[in-house]
>>> print(open('my_file-v8.tsv').read())   # TSV, N, CA and C atoms
chain	number	residue	atom	x	y	z
A	598	MET	N	2.17	10.61	0.31
A	598	MET	CA	2.01	9.21	0.70
A	598	MET	C	3.31	8.68	1.27
A	599	SER	N	3.22	8.05	2.39
A	599	SER	CA	4.38	7.51	3.08
A	599	SER	C	4.81	6.20	2.44
A	600	ASP	N	6.08	5.85	2.60
A	600	ASP	CA	6.54	4.56	2.10
A	600	ASP	C	6.24	3.46	3.13
A	601	ARG	N	5.75	3.86	4.29
A	601	ARG	CA	5.35	2.88	5.30
A	601	ARG	C	3.93	2.41	4.99
A	602	PRO	N	3.67	1.11	5.14
A	602	PRO	CA	2.29	0.66	4.98
A	602	PRO	C	1.43	1.21	6.11
A	603	THR	N	0.16	1.43	5.82
A	603	THR	CA	-0.79	1.91	6.82
A	603	THR	C	-1.82	0.83	7.08
A	604	VAL	N	-2.01	0.51	8.36
A	604	VAL	CA	-2.97	-0.51	8.77
A	604	VAL	C	-4.01	0.14	9.67
A	605	LEU	N	-5.28	-0.14	9.38
A	605	LEU	CA	-6.40	0.34	10.18
A	605	LEU	C	-7.07	-0.85	10.85
A	606	PHE	N	-7.17	-0.79	12.17
A	606	PHE	CA	-7.89	-1.81	12.94
A	606	PHE	C	-9.25	-1.23	13.31
A	607	VAL	N	-10.31	-1.99	13.04
A	607	VAL	CA	-11.67	-1.51	13.30
A	607	VAL	C	-12.45	-2.54	14.11
A	608	CYS	N	-13.04	-2.08	15.21
A	608	CYS	CA	-14.03	-2.88	15.93
A	608	CYS	C	-15.18	-1.95	16.30
A	609	VAL	N	-16.18	-2.46	16.94
A	609	VAL	CA	-17.37	-1.65	17.19
A	609	VAL	C	-17.05	-0.46	18.10
A	610	HIS	N	-16.49	-0.72	19.25
A	610	HIS	CA	-16.32	0.34	20.25
A	610	HIS	C	-14.93	0.97	20.27
A	611	ASN	N	-13.97	0.39	19.55
A	611	ASN	CA	-12.59	0.90	19.53
A	611	ASN	C	-12.07	1.07	20.96
A	612	ALA	N	-12.41	0.11	21.80
A	612	ALA	CA	-12.05	0.21	23.22
A	612	ALA	C	-11.26	-1.00	23.70
A	613	GLY	N	-11.19	-2.06	22.89
A	613	GLY	CA	-10.53	-3.27	23.33
A	613	GLY	C	-9.68	-3.90	22.25
A	614	ARG	N	-10.31	-4.73	21.41
A	614	ARG	CA	-9.57	-5.50	20.40
A	614	ARG	C	-8.74	-4.62	19.47
A	615	SER	N	-9.36	-3.63	18.87
A	615	SER	CA	-8.63	-2.79	17.92
A	615	SER	C	-7.54	-1.98	18.60
A	616	GLN	N	-7.77	-1.58	19.83
A	616	GLN	CA	-6.74	-0.83	20.57
A	616	GLN	C	-5.56	-1.73	20.94
A	617	MET	N	-5.85	-2.98	21.33
A	617	MET	CA	-4.75	-3.90	21.63
A	617	MET	C	-3.94	-4.21	20.38
A	618	ALA	N	-4.63	-4.45	19.26
A	618	ALA	CA	-3.93	-4.73	18.01
A	618	ALA	C	-3.07	-3.55	17.58
A	619	ALA	N	-3.62	-2.34	17.69
A	619	ALA	CA	-2.86	-1.15	17.32
A	619	ALA	C	-1.64	-0.99	18.23
A	620	GLY	N	-1.81	-1.24	19.52
A	620	GLY	CA	-0.69	-1.15	20.46
A	620	GLY	C	0.42	-2.12	20.10
A	621	TYR	N	0.04	-3.36	19.81
A	621	TYR	CA	1.05	-4.35	19.41
A	621	TYR	C	1.73	-3.95	18.10
A	622	LEU	N	0.96	-3.52	17.11
A	622	LEU	CA	1.58	-3.20	15.82
A	622	LEU	C	2.53	-2.02	15.95
A	623	ARG	N	2.15	-1.00	16.71
A	623	ARG	CA	3.06	0.13	16.92
A	623	ARG	C	4.36	-0.34	17.56
A	624	GLU	N	4.22	-1.15	18.61
A	624	GLU	CA	5.38	-1.60	19.37
A	624	GLU	C	6.25	-2.57	18.56
A	625	LEU	N	5.65	-3.58	17.99
A	625	LEU	CA	6.41	-4.66	17.35
A	625	LEU	C	6.96	-4.27	15.98
A	626	SER	N	6.37	-3.27	15.33
A	626	SER	CA	6.88	-2.86	14.02
A	626	SER	C	7.99	-1.82	14.15
A	627	GLY	N	8.20	-1.33	15.36
A	627	GLY	CA	9.26	-0.34	15.56
A	627	GLY	C	9.04	0.93	14.75
A	628	GLY	N	7.79	1.29	14.53
A	628	GLY	CA	7.51	2.51	13.78
A	628	GLY	C	7.55	2.35	12.28
A	629	ARG	N	7.73	1.13	11.79
A	629	ARG	CA	7.83	0.91	10.35
A	629	ARG	C	6.46	0.77	9.68
A	630	VAL	N	5.39	0.81	10.50
A	630	VAL	CA	4.03	0.73	9.98
A	630	VAL	C	3.24	1.89	10.59
A	631	GLU	N	2.47	2.57	9.76
A	631	GLU	CA	1.55	3.60	10.25
A	631	GLU	C	0.32	2.87	10.76
A	632	VAL	N	-0.08	3.18	11.99
A	632	VAL	CA	-1.16	2.43	12.64
A	632	VAL	C	-2.34	3.36	12.96
A	633	LEU	N	-3.53	2.93	12.55
A	633	LEU	CA	-4.77	3.64	12.86
A	633	LEU	C	-5.74	2.66	13.51
A	634	SER	N	-6.62	3.17	14.36
A	634	SER	CA	-7.69	2.32	14.88
A	634	SER	C	-8.93	3.19	15.06
A	635	ALA	N	-10.08	2.53	14.92
A	635	ALA	CA	-11.34	3.27	14.99
A	635	ALA	C	-12.47	2.30	15.29
A	636	GLY	N	-13.63	2.87	15.59
A	636	GLY	CA	-14.80	2.06	15.87
A	636	GLY	C	-16.03	2.61	15.17
A	637	SER	N	-16.95	1.71	14.84
A	637	SER	CA	-18.18	2.13	14.20
A	637	SER	C	-19.10	2.84	15.20
A	638	GLU	N	-19.00	2.47	16.48
A	638	GLU	CA	-19.75	3.12	17.56
A	638	GLU	C	-18.81	3.27	18.75
A	639	PRO	N	-17.87	4.22	18.70
A	639	PRO	CA	-16.83	4.29	19.73
A	639	PRO	C	-17.38	4.48	21.15
A	640	ALA	N	-16.73	3.81	22.08
A	640	ALA	CA	-17.07	3.96	23.49
A	640	ALA	C	-16.51	5.29	23.99
A	641	ASP	N	-16.84	5.63	25.22
A	641	ASP	CA	-16.31	6.88	25.77
A	641	ASP	C	-14.93	6.69	26.40
A	642	ARG	N	-14.52	5.43	26.63
A	642	ARG	CA	-13.19	5.18	27.18
A	642	ARG	C	-12.77	3.76	26.83
A	643	LEU	N	-11.49	3.48	27.03
A	643	LEU	CA	-10.97	2.15	26.75
A	643	LEU	C	-11.46	1.15	27.79
A	644	ASN	N	-11.50	-0.11	27.40
A	644	ASN	CA	-11.83	-1.20	28.29
A	644	ASN	C	-10.68	-1.33	29.31
A	645	PRO	N	-10.96	-1.17	30.61
A	645	PRO	CA	-9.89	-1.25	31.61
A	645	PRO	C	-9.14	-2.58	31.61
A	646	ALA	N	-9.82	-3.67	31.30
A	646	ALA	CA	-9.15	-4.97	31.23
A	646	ALA	C	-8.16	-5.02	30.07
A	647	ALA	N	-8.52	-4.41	28.94
A	647	ALA	CA	-7.60	-4.36	27.79
A	647	ALA	C	-6.37	-3.54	28.15
A	648	VAL	N	-6.57	-2.42	28.82
A	648	VAL	CA	-5.44	-1.59	29.26
A	648	VAL	C	-4.54	-2.39	30.19
A	649	ALA	N	-5.15	-3.13	31.12
A	649	ALA	CA	-4.38	-3.90	32.11
A	649	ALA	C	-3.56	-5.02	31.46
A	650	VAL	N	-4.17	-5.78	30.54
A	650	VAL	CA	-3.43	-6.90	29.95
A	650	VAL	C	-2.33	-6.41	29.01
A	651	MET	N	-2.52	-5.26	28.40
A	651	MET	CA	-1.45	-4.70	27.56
A	651	MET	C	-0.31	-4.18	28.43
A	652	ALA	N	-0.64	-3.61	29.58
A	652	ALA	CA	0.39	-3.15	30.52
A	652	ALA	C	1.25	-4.33	30.97
A	653	GLU	N	0.64	-5.50	31.11
A	653	GLU	CA	1.41	-6.70	31.47
A	653	GLU	C	2.47	-7.02	30.42
A	654	GLU	N	2.21	-6.61	29.19
A	654	GLU	CA	3.15	-6.82	28.07
A	654	GLU	C	4.12	-5.64	27.91
A	655	GLY	N	4.00	-4.65	28.78
A	655	GLY	CA	4.86	-3.48	28.69
A	655	GLY	C	4.42	-2.48	27.64
A	656	ILE	N	3.16	-2.56	27.22
A	656	ILE	CA	2.62	-1.65	26.21
A	656	ILE	C	1.53	-0.81	26.85
A	657	ASP	N	1.73	0.50	26.86
A	657	ASP	CA	0.80	1.42	27.50
A	657	ASP	C	-0.18	1.98	26.48
A	658	ILE	N	-1.44	1.56	26.59
A	658	ILE	CA	-2.48	2.11	25.71
A	658	ILE	C	-3.45	2.98	26.50
A	659	ALA	N	-3.14	3.21	27.77
A	659	ALA	CA	-4.07	3.92	28.67
A	659	ALA	C	-4.42	5.32	28.19
A	660	GLY	N	-3.53	5.99	27.48
A	660	GLY	CA	-3.78	7.34	27.03
A	660	GLY	C	-4.56	7.43	25.73
A	661	ASN	N	-4.88	6.30	25.13
A	661	ASN	CA	-5.61	6.29	23.87
A	661	ASN	C	-7.09	6.61	24.09
A	662	THR	N	-7.71	7.15	23.08
A	662	THR	CA	-9.13	7.48	23.13
A	662	THR	C	-9.83	6.80	21.96
A	663	PRO	N	-10.96	6.14	22.20
A	663	PRO	CA	-11.70	5.56	21.08
A	663	PRO	C	-12.05	6.62	20.03
A	664	GLN	N	-11.88	6.26	18.77
A	664	GLN	CA	-12.10	7.16	17.65
A	664	GLN	C	-13.22	6.63	16.77
A	665	ILE	N	-13.94	7.55	16.12
A	665	ILE	CA	-15.00	7.16	15.18
A	665	ILE	C	-14.37	6.75	13.86
A	666	LEU	N	-14.92	5.71	13.27
A	666	LEU	CA	-14.47	5.26	11.96
A	666	LEU	C	-14.88	6.27	10.91
A	667	THR	N	-13.91	6.69	10.09
A	667	THR	CA	-14.20	7.63	9.00
A	667	THR	C	-13.84	7.00	7.66
A	668	THR	N	-14.50	7.47	6.64
A	668	THR	CA	-14.19	7.02	5.29
A	668	THR	C	-12.75	7.36	4.95
A	669	ASP	N	-12.27	8.52	5.40
A	669	ASP	CA	-10.89	8.92	5.13
A	669	ASP	C	-9.89	7.95	5.72
A	670	ALA	N	-10.16	7.44	6.93
A	670	ALA	CA	-9.24	6.49	7.56
A	670	ALA	C	-9.13	5.23	6.71
A	671	VAL	N	-10.25	4.77	6.16
A	671	VAL	CA	-10.22	3.59	5.30
A	671	VAL	C	-9.47	3.92	4.01
A	672	ARG	N	-9.76	5.06	3.44
A	672	ARG	CA	-9.13	5.47	2.19
A	672	ARG	C	-7.61	5.55	2.33
A	673	GLU	N	-7.13	6.03	3.48
A	673	GLU	CA	-5.69	6.21	3.72
A	673	GLU	C	-4.96	4.90	3.99
A	674	SER	N	-5.68	3.83	4.26
A	674	SER	CA	-5.08	2.59	4.71
A	674	SER	C	-4.79	1.63	3.57
A	675	ASP	N	-3.70	0.90	3.72
A	675	ASP	CA	-3.36	-0.17	2.78
A	675	ASP	C	-4.05	-1.47	3.18
A	676	VAL	N	-4.15	-1.68	4.50
A	676	VAL	CA	-4.76	-2.89	5.05
A	676	VAL	C	-5.81	-2.46	6.07
A	677	VAL	N	-7.02	-3.02	5.96
A	677	VAL	CA	-8.10	-2.75	6.90
A	677	VAL	C	-8.45	-4.07	7.57
A	678	ILE	N	-8.29	-4.12	8.89
A	678	ILE	CA	-8.59	-5.33	9.64
A	678	ILE	C	-9.79	-5.06	10.53
A	679	THR	N	-10.86	-5.79	10.27
A	679	THR	CA	-12.08	-5.63	11.04
A	679	THR	C	-12.16	-6.72	12.10
A	680	MET	N	-12.83	-6.36	13.19
A	680	MET	CA	-12.97	-7.27	14.32
A	680	MET	C	-14.39	-7.18	14.83
A	681	GLY	N	-15.31	-7.68	14.04
A	681	GLY	CA	-16.70	-7.70	14.48
A	681	GLY	C	-17.48	-6.44	14.22
A	682	CYS	N	-17.05	-5.60	13.27
A	682	CYS	CA	-17.83	-4.39	12.99
A	682	CYS	C	-18.86	-4.62	11.90
A	683	GLY	N	-18.91	-5.82	11.36
A	683	GLY	CA	-19.94	-6.17	10.39
A	683	GLY	C	-19.86	-5.36	9.12
A	684	ASP	N	-21.01	-4.89	8.67
A	684	ASP	CA	-21.09	-4.19	7.38
A	684	ASP	C	-20.89	-2.69	7.51
A	685	THR	N	-20.47	-2.21	8.67
A	685	THR	CA	-20.34	-0.77	8.84
A	685	THR	C	-19.05	-0.22	8.25
A	686	CYS	N	-18.13	-1.08	7.83
A	686	CYS	CA	-16.88	-0.61	7.25
A	686	CYS	C	-17.06	-0.29	5.77
A	687	PRO	N	-16.70	0.92	5.37
A	687	PRO	CA	-16.76	1.22	3.93
A	687	PRO	C	-15.72	0.39	3.17
A	688	ILE	N	-16.06	0.00	1.97
A	688	ILE	CA	-15.18	-0.83	1.15
A	688	ILE	C	-14.67	0.00	-0.03
A	689	PHE	N	-13.36	-0.01	-0.20
A	689	PHE	CA	-12.74	0.66	-1.33
A	689	PHE	C	-11.97	-0.36	-2.15
A	690	PRO	N	-12.13	-0.33	-3.47
A	690	PRO	CA	-11.38	-1.25	-4.32
A	690	PRO	C	-9.88	-1.06	-4.12
A	691	GLY	N	-9.15	-2.16	-4.21
A	691	GLY	CA	-7.69	-2.10	-4.12
A	691	GLY	C	-7.14	-2.17	-2.70
A	692	LYS	N	-8.01	-2.18	-1.72
A	692	LYS	CA	-7.57	-2.29	-0.33
A	692	LYS	C	-7.55	-3.77	0.05
A	693	ARG	N	-6.67	-4.09	0.96
A	693	ARG	CA	-6.65	-5.44	1.52
A	693	ARG	C	-7.51	-5.44	2.78
A	694	TYR	N	-8.49	-6.34	2.81
A	694	TYR	CA	-9.38	-6.45	3.97
A	694	TYR	C	-9.20	-7.82	4.60
A	695	GLU	N	-9.18	-7.84	5.92
A	695	GLU	CA	-9.18	-9.09	6.68
A	695	GLU	C	-10.18	-8.92	7.80
A	696	ASP	N	-10.85	-10.01	8.16
A	696	ASP	CA	-11.71	-9.99	9.32
A	696	ASP	C	-11.14	-10.97	10.34
A	697	TRP	N	-10.78	-10.46	11.49
A	697	TRP	CA	-10.25	-11.30	12.56
A	697	TRP	C	-11.40	-11.63	13.50
A	698	ASP	N	-11.75	-12.91	13.58
A	698	ASP	CA	-12.82	-13.37	14.45
A	698	ASP	C	-12.26	-13.53	15.86
A	699	LEU	N	-12.49	-12.51	16.68
A	699	LEU	CA	-11.96	-12.47	18.04
A	699	LEU	C	-13.09	-12.27	19.03
A	700	THR	N	-12.95	-12.88	20.18
A	700	THR	CA	-13.91	-12.67	21.26
A	700	THR	C	-13.89	-11.20	21.67
A	701	ASP	N	-15.07	-10.62	21.86
A	701	ASP	CA	-15.17	-9.24	22.32
A	701	ASP	C	-14.86	-9.23	23.83
A	702	PRO	N	-13.81	-8.49	24.24
A	702	PRO	CA	-13.44	-8.48	25.66
A	702	PRO	C	-14.31	-7.59	26.54
A	703	ALA	N	-15.29	-6.92	25.98
A	703	ALA	CA	-16.13	-6.01	26.76
A	703	ALA	C	-16.77	-6.75	27.92
A	704	GLY	N	-16.57	-6.22	29.12
A	704	GLY	CA	-17.18	-6.77	30.31
A	704	GLY	C	-16.53	-8.02	30.86
A	705	LEU	N	-15.46	-8.49	30.21
A	705	LEU	CA	-14.79	-9.70	30.68
A	705	LEU	C	-13.70	-9.35	31.69
A	706	PRO	N	-13.44	-10.26	32.64
A	706	PRO	CA	-12.33	-10.04	33.59
A	706	PRO	C	-10.99	-10.24	32.89
A	707	VAL	N	-9.95	-9.71	33.49
A	707	VAL	CA	-8.60	-9.78	32.94
A	707	VAL	C	-8.22	-11.21	32.55
A	708	GLU	N	-8.60	-12.19	33.37
A	708	GLU	CA	-8.22	-13.58	33.10
A	708	GLU	C	-8.79	-14.06	31.76
A	709	GLN	N	-9.93	-13.53	31.36
A	709	GLN	CA	-10.54	-13.93	30.08
A	709	GLN	C	-10.10	-13.04	28.93
A	710	VAL	N	-9.51	-11.90	29.23
A	710	VAL	CA	-9.03	-11.01	28.18
A	710	VAL	C	-7.62	-11.41	27.74
A	711	ARG	N	-6.84	-12.02	28.62
A	711	ARG	CA	-5.47	-12.43	28.26
A	711	ARG	C	-5.42	-13.32	27.01
A	712	PRO	N	-6.28	-14.36	26.90
A	712	PRO	CA	-6.23	-15.18	25.68
A	712	PRO	C	-6.57	-14.39	24.42
A	713	VAL	N	-7.47	-13.42	24.52
A	713	VAL	CA	-7.79	-12.56	23.37
A	713	VAL	C	-6.55	-11.76	23.00
A	714	ARG	N	-5.89	-11.17	24.00
A	714	ARG	CA	-4.66	-10.41	23.77
A	714	ARG	C	-3.61	-11.28	23.09
A	715	ASP	N	-3.44	-12.50	23.58
A	715	ASP	CA	-2.41	-13.39	23.02
A	715	ASP	C	-2.72	-13.77	21.58
A	716	ASP	N	-4.00	-13.98	21.27
A	716	ASP	CA	-4.42	-14.27	19.90
A	716	ASP	C	-4.12	-13.06	19.00
A	717	ILE	N	-4.43	-11.87	19.48
A	717	ILE	CA	-4.15	-10.66	18.72
A	717	ILE	C	-2.65	-10.53	18.47
A	718	LYS	N	-1.83	-10.79	19.47
A	718	LYS	CA	-0.38	-10.68	19.30
A	718	LYS	C	0.11	-11.62	18.20
A	719	ARG	N	-0.36	-12.86	18.20
A	719	ARG	CA	0.05	-13.82	17.15
A	719	ARG	C	-0.34	-13.30	15.77
A	720	ARG	N	-1.54	-12.78	15.66
A	720	ARG	CA	-2.01	-12.28	14.37
A	720	ARG	C	-1.21	-11.06	13.91
A	721	VAL	N	-0.89	-10.17	14.85
A	721	VAL	CA	-0.10	-8.98	14.52
A	721	VAL	C	1.31	-9.39	14.09
A	722	GLU	N	1.90	-10.35	14.77
A	722	GLU	CA	3.24	-10.83	14.38
A	722	GLU	C	3.22	-11.39	12.96
A	723	ALA	N	2.18	-12.15	12.61
A	723	ALA	CA	2.06	-12.69	11.26
A	723	ALA	C	1.86	-11.57	10.24
A	724	LEU	N	1.08	-10.56	10.60
A	724	LEU	CA	0.86	-9.42	9.71
A	724	LEU	C	2.17	-8.68	9.45
A	725	ILE	N	2.95	-8.47	10.50
A	725	ILE	CA	4.24	-7.78	10.34
A	725	ILE	C	5.14	-8.58	9.40
A	726	ALA	N	5.16	-9.90	9.55
A	726	ALA	CA	6.00	-10.74	8.68
A	726	ALA	C	5.59	-10.59	7.21
A	727	GLU	N	4.30	-10.38	6.97
A	727	GLU	CA	3.82	-10.19	5.59
A	727	GLU	C	4.13	-8.79	5.07
A	728	LEU	N	3.93	-7.78	5.92
A	728	LEU	CA	4.10	-6.40	5.48
A	728	LEU	C	5.55	-5.96	5.40
A	729	LEU	N	6.37	-6.51	6.29
A	729	LEU	CA	7.77	-6.09	6.40
A	729	LEU	C	8.68	-7.30	6.27
A	730	PRO	N	8.80	-7.85	5.06
A	730	PRO	CA	9.65	-9.02	4.90
A	730	PRO	C	11.08	-8.72	5.34
A	731	ALA	N	11.71	-9.72	5.89
A	731	ALA	CA	13.09	-9.56	6.37
A	731	ALA	C	14.00	-9.14	5.24
A	732	GLY	N	14.98	-8.28	5.59
A	732	GLY	CA	15.92	-7.83	4.57
A	732	GLY	C	15.57	-6.47	4.14
>>> encode(input="my_file-v8.tsv", output="structure tokens")
Amino acid sequence: MSDRPTVLFVCVHNAGRSQMAAGYLRELSGGRVEVLSAGSEPADRLNPAAVAVMAEEGIDIAGNTPQILTTDAVRESDVVITMGCGDTCPIFPGKRYEDWDLTDPAGLPVEQVRPVRDDIKRRVEALIAELLPAG
């Protein structure tokens, strides 16, 4: 077991919201958090608009591939953040669960995905402040 906290981001397709959140957490935590992301029904590729808006932030998620949600991924995580996956996430006692109510960027143009990205960034920054207190 690592001394780094592990965070799992879950959405339905693992192609937009969870990938953006994982990209931000990897980047902004400087490697101090283990980051996982998955989907209950993964898409075959990432949402191009999500890739584009993250590139605007200097974060490259283009090489990522949507992953299927596994019980092991939940078991390994300290924090599980869901984004519209409903009841498909397995629940384990002792885990911290949060549900982030975010607009699904699927099929939206870049102009409408930017506010979703910015909301995710604010939430990830707050999560980092909780997981990695200063000092």
>>> residues_near_point(input="my_file-v8.tsv", point="(-10.8, 2.6, 7.8)", cutoff="7 Å", atoms="all atoms listed in the file", output="list in words")
Leu605, Phe606, Val607, Leu666, Thr667, Thr668, Asp669, Ala670, Val671, Arg672, Glu673, Ser674, Val677, Cys686 and Pro687 of chain A
>>> residues_around(input="my_file-v8.tsv", residues="Gly681 (chain A)", least_positions_apart="3", cutoff="6 Å", atoms="all atoms listed in the file", output="PyMOL selection string")
chain A and resi 607-609+697
>>> atom_distance(input="my_file-v8.tsv", atom1="atom C of Val707 (chain A)", atom2="CA of Glu653 (chain A)")
10.7 Å
>>> select_by_dssp(input="my_file-v8.tsv", residues="chain A", states="strand (DSSP E or B)", output="list in words")
Thr603, Val604, Leu605, Phe606, Val607, Cys608, Glu631, Val632, Leu633, Ser634, Ala635, Gly636, Ile665, Val676, Val677, Ile678, Thr679, Met680, Arg693, Tyr694, Glu695 and Asp696 of chain A
>>> select_by_dssp(input="my_file-v8.tsv", residues="chain A", states="helix (DSSP H, G or I)", output="ChimeraX atom specification")
/A:614-626,645-653,668-673,683-685,707-728
>>> residues_around(input="my_file-v8.tsv", residues="Asp675 (chain A)", least_positions_apart="5", cutoff="10 Å", atoms="only C-alpha atoms", output="VMD selection string")
chain A and resid 601 to 605 631 691 to 694
>>> residues_around(input="my_file-v8.tsv", residues="Pro645 (chain A)", least_positions_apart="4", cutoff="7 Å", atoms="all atoms listed in the file", output="list of chain:residue names")
A:Ala612, A:Ala649, A:Val650
>>> write_last_selection(input="my_file-v8.tsv", atoms="N, CA and C atoms", output="CSV table (one decimal), in the coordinates of the input")
chain,number,residue,atom,x,y,z
A,612,ALA,N,-12.4,0.1,21.8
A,612,ALA,CA,-12.0,0.2,23.2
A,612,ALA,C,-11.3,-1.0,23.7
A,649,ALA,N,-5.2,-3.1,31.1
A,649,ALA,CA,-4.4,-3.9,32.1
A,649,ALA,C,-3.6,-5.0,31.5
A,650,VAL,N,-4.2,-5.8,30.5
A,650,VAL,CA,-3.4,-6.9,30.0
A,650,VAL,C,-2.3,-6.4,29.0
>>> closest_residue(input="my_file-v8.tsv", among="A:Ala635, A:Pro690, A:Asp696, A:Ile678", to="Ile665 (chain A)", atoms="only N, CA and C atoms")
A:Ala635
>>> residues_around(input="my_file-v8.tsv", residues="Asp715 (chain A)", least_positions_apart="6", cutoff="10 Å", atoms="only C-alpha atoms", output="PyMOL selection string")
chain A and resi 617+650-651+654+721
>>> atom_distance(input="my_file-v8.tsv", atom1="CA of Ser626 (chain A)", atom2="atom C of Ile725 (chain A)")
7.6 Å
>>> residues_around(input="my_file-v8.tsv", residues="Ala640 (chain A)", least_positions_apart="6", cutoff="7 Å", atoms="only C-alpha atoms", output="list in words")
His610, Asn611, Ala612 and Pro663 of chain A
>>> atom_distance(input="my_file-v8.tsv", atom1="CA of Asn644 (chain A)", atom2="CA of Arg629 (chain A)")
26.7 Å
>>> closest_residue(input="my_file-v8.tsv", among="A:Leu699, A:Leu625, A:Ala723, A:Ala659", to="Arg642 (chain A)", atoms="only C-alpha atoms")
A:Ala659
>>> decode(input="my_file-v8.tsv", residues="region 608-614 of chain A", atoms="all heavy atoms", output="compact mmCIF listing (two decimals), in the first residue's frame")
# COMPACT_ATOMS: atom_id res chain seq x y z
N CYS A 608 -17.25 7.91 -14.29
CA CYS A 608 -18.44 8.39 -15.00
C CYS A 608 -18.88 7.27 -15.93
O CYS A 608 -18.26 6.22 -15.96
CB CYS A 608 -18.21 9.72 -15.72
SG CYS A 608 -17.05 9.69 -17.09
N VAL A 609 -19.93 7.48 -16.66
CA VAL A 609 -20.48 6.39 -17.46
C VAL A 609 -19.50 5.94 -18.54
O VAL A 609 -19.14 4.77 -18.63
CB VAL A 609 -21.84 6.79 -18.09
CG1 VAL A 609 -22.34 5.67 -18.99
CG2 VAL A 609 -22.86 7.08 -17.00
N HIS A 610 -19.06 6.86 -19.36
CA HIS A 610 -18.25 6.48 -20.53
C HIS A 610 -16.74 6.62 -20.33
O HIS A 610 -15.98 6.18 -21.18
CB HIS A 610 -18.69 7.29 -21.76
CG HIS A 610 -20.12 7.07 -22.10
ND1 HIS A 610 -20.62 5.84 -22.47
CD2 HIS A 610 -21.18 7.91 -22.10
CE1 HIS A 610 -21.92 5.94 -22.70
NE2 HIS A 610 -22.29 7.19 -22.47
N ASN A 611 -16.31 7.23 -19.24
CA ASN A 611 -14.88 7.44 -18.97
C ASN A 611 -14.21 8.11 -20.18
O ASN A 611 -13.11 7.78 -20.56
CB ASN A 611 -14.18 6.12 -18.61
CG ASN A 611 -12.77 6.30 -18.06
OD1 ASN A 611 -11.86 5.56 -18.41
ND2 ASN A 611 -12.56 7.30 -17.23
N ALA A 612 -14.92 9.05 -20.77
CA ALA A 612 -14.43 9.69 -21.99
C ALA A 612 -14.35 11.21 -21.86
O ALA A 612 -13.76 11.86 -22.71
CB ALA A 612 -15.35 9.34 -23.17
N GLY A 613 -14.93 11.77 -20.79
CA GLY A 613 -14.97 13.21 -20.66
C GLY A 613 -14.69 13.67 -19.24
O GLY A 613 -13.56 13.93 -18.86
N ARG A 614 -15.74 13.72 -18.42
CA ARG A 614 -15.61 14.27 -17.06
C ARG A 614 -14.54 13.58 -16.23
O ARG A 614 -13.68 14.25 -15.64
CB ARG A 614 -16.96 14.17 -16.33
CG ARG A 614 -18.04 15.03 -16.94
CD ARG A 614 -19.41 14.68 -16.42
NE ARG A 614 -19.81 13.35 -16.94
CZ ARG A 614 -20.99 12.80 -16.74
NH1 ARG A 614 -21.89 13.42 -15.99
NH2 ARG A 614 -21.28 11.63 -17.26
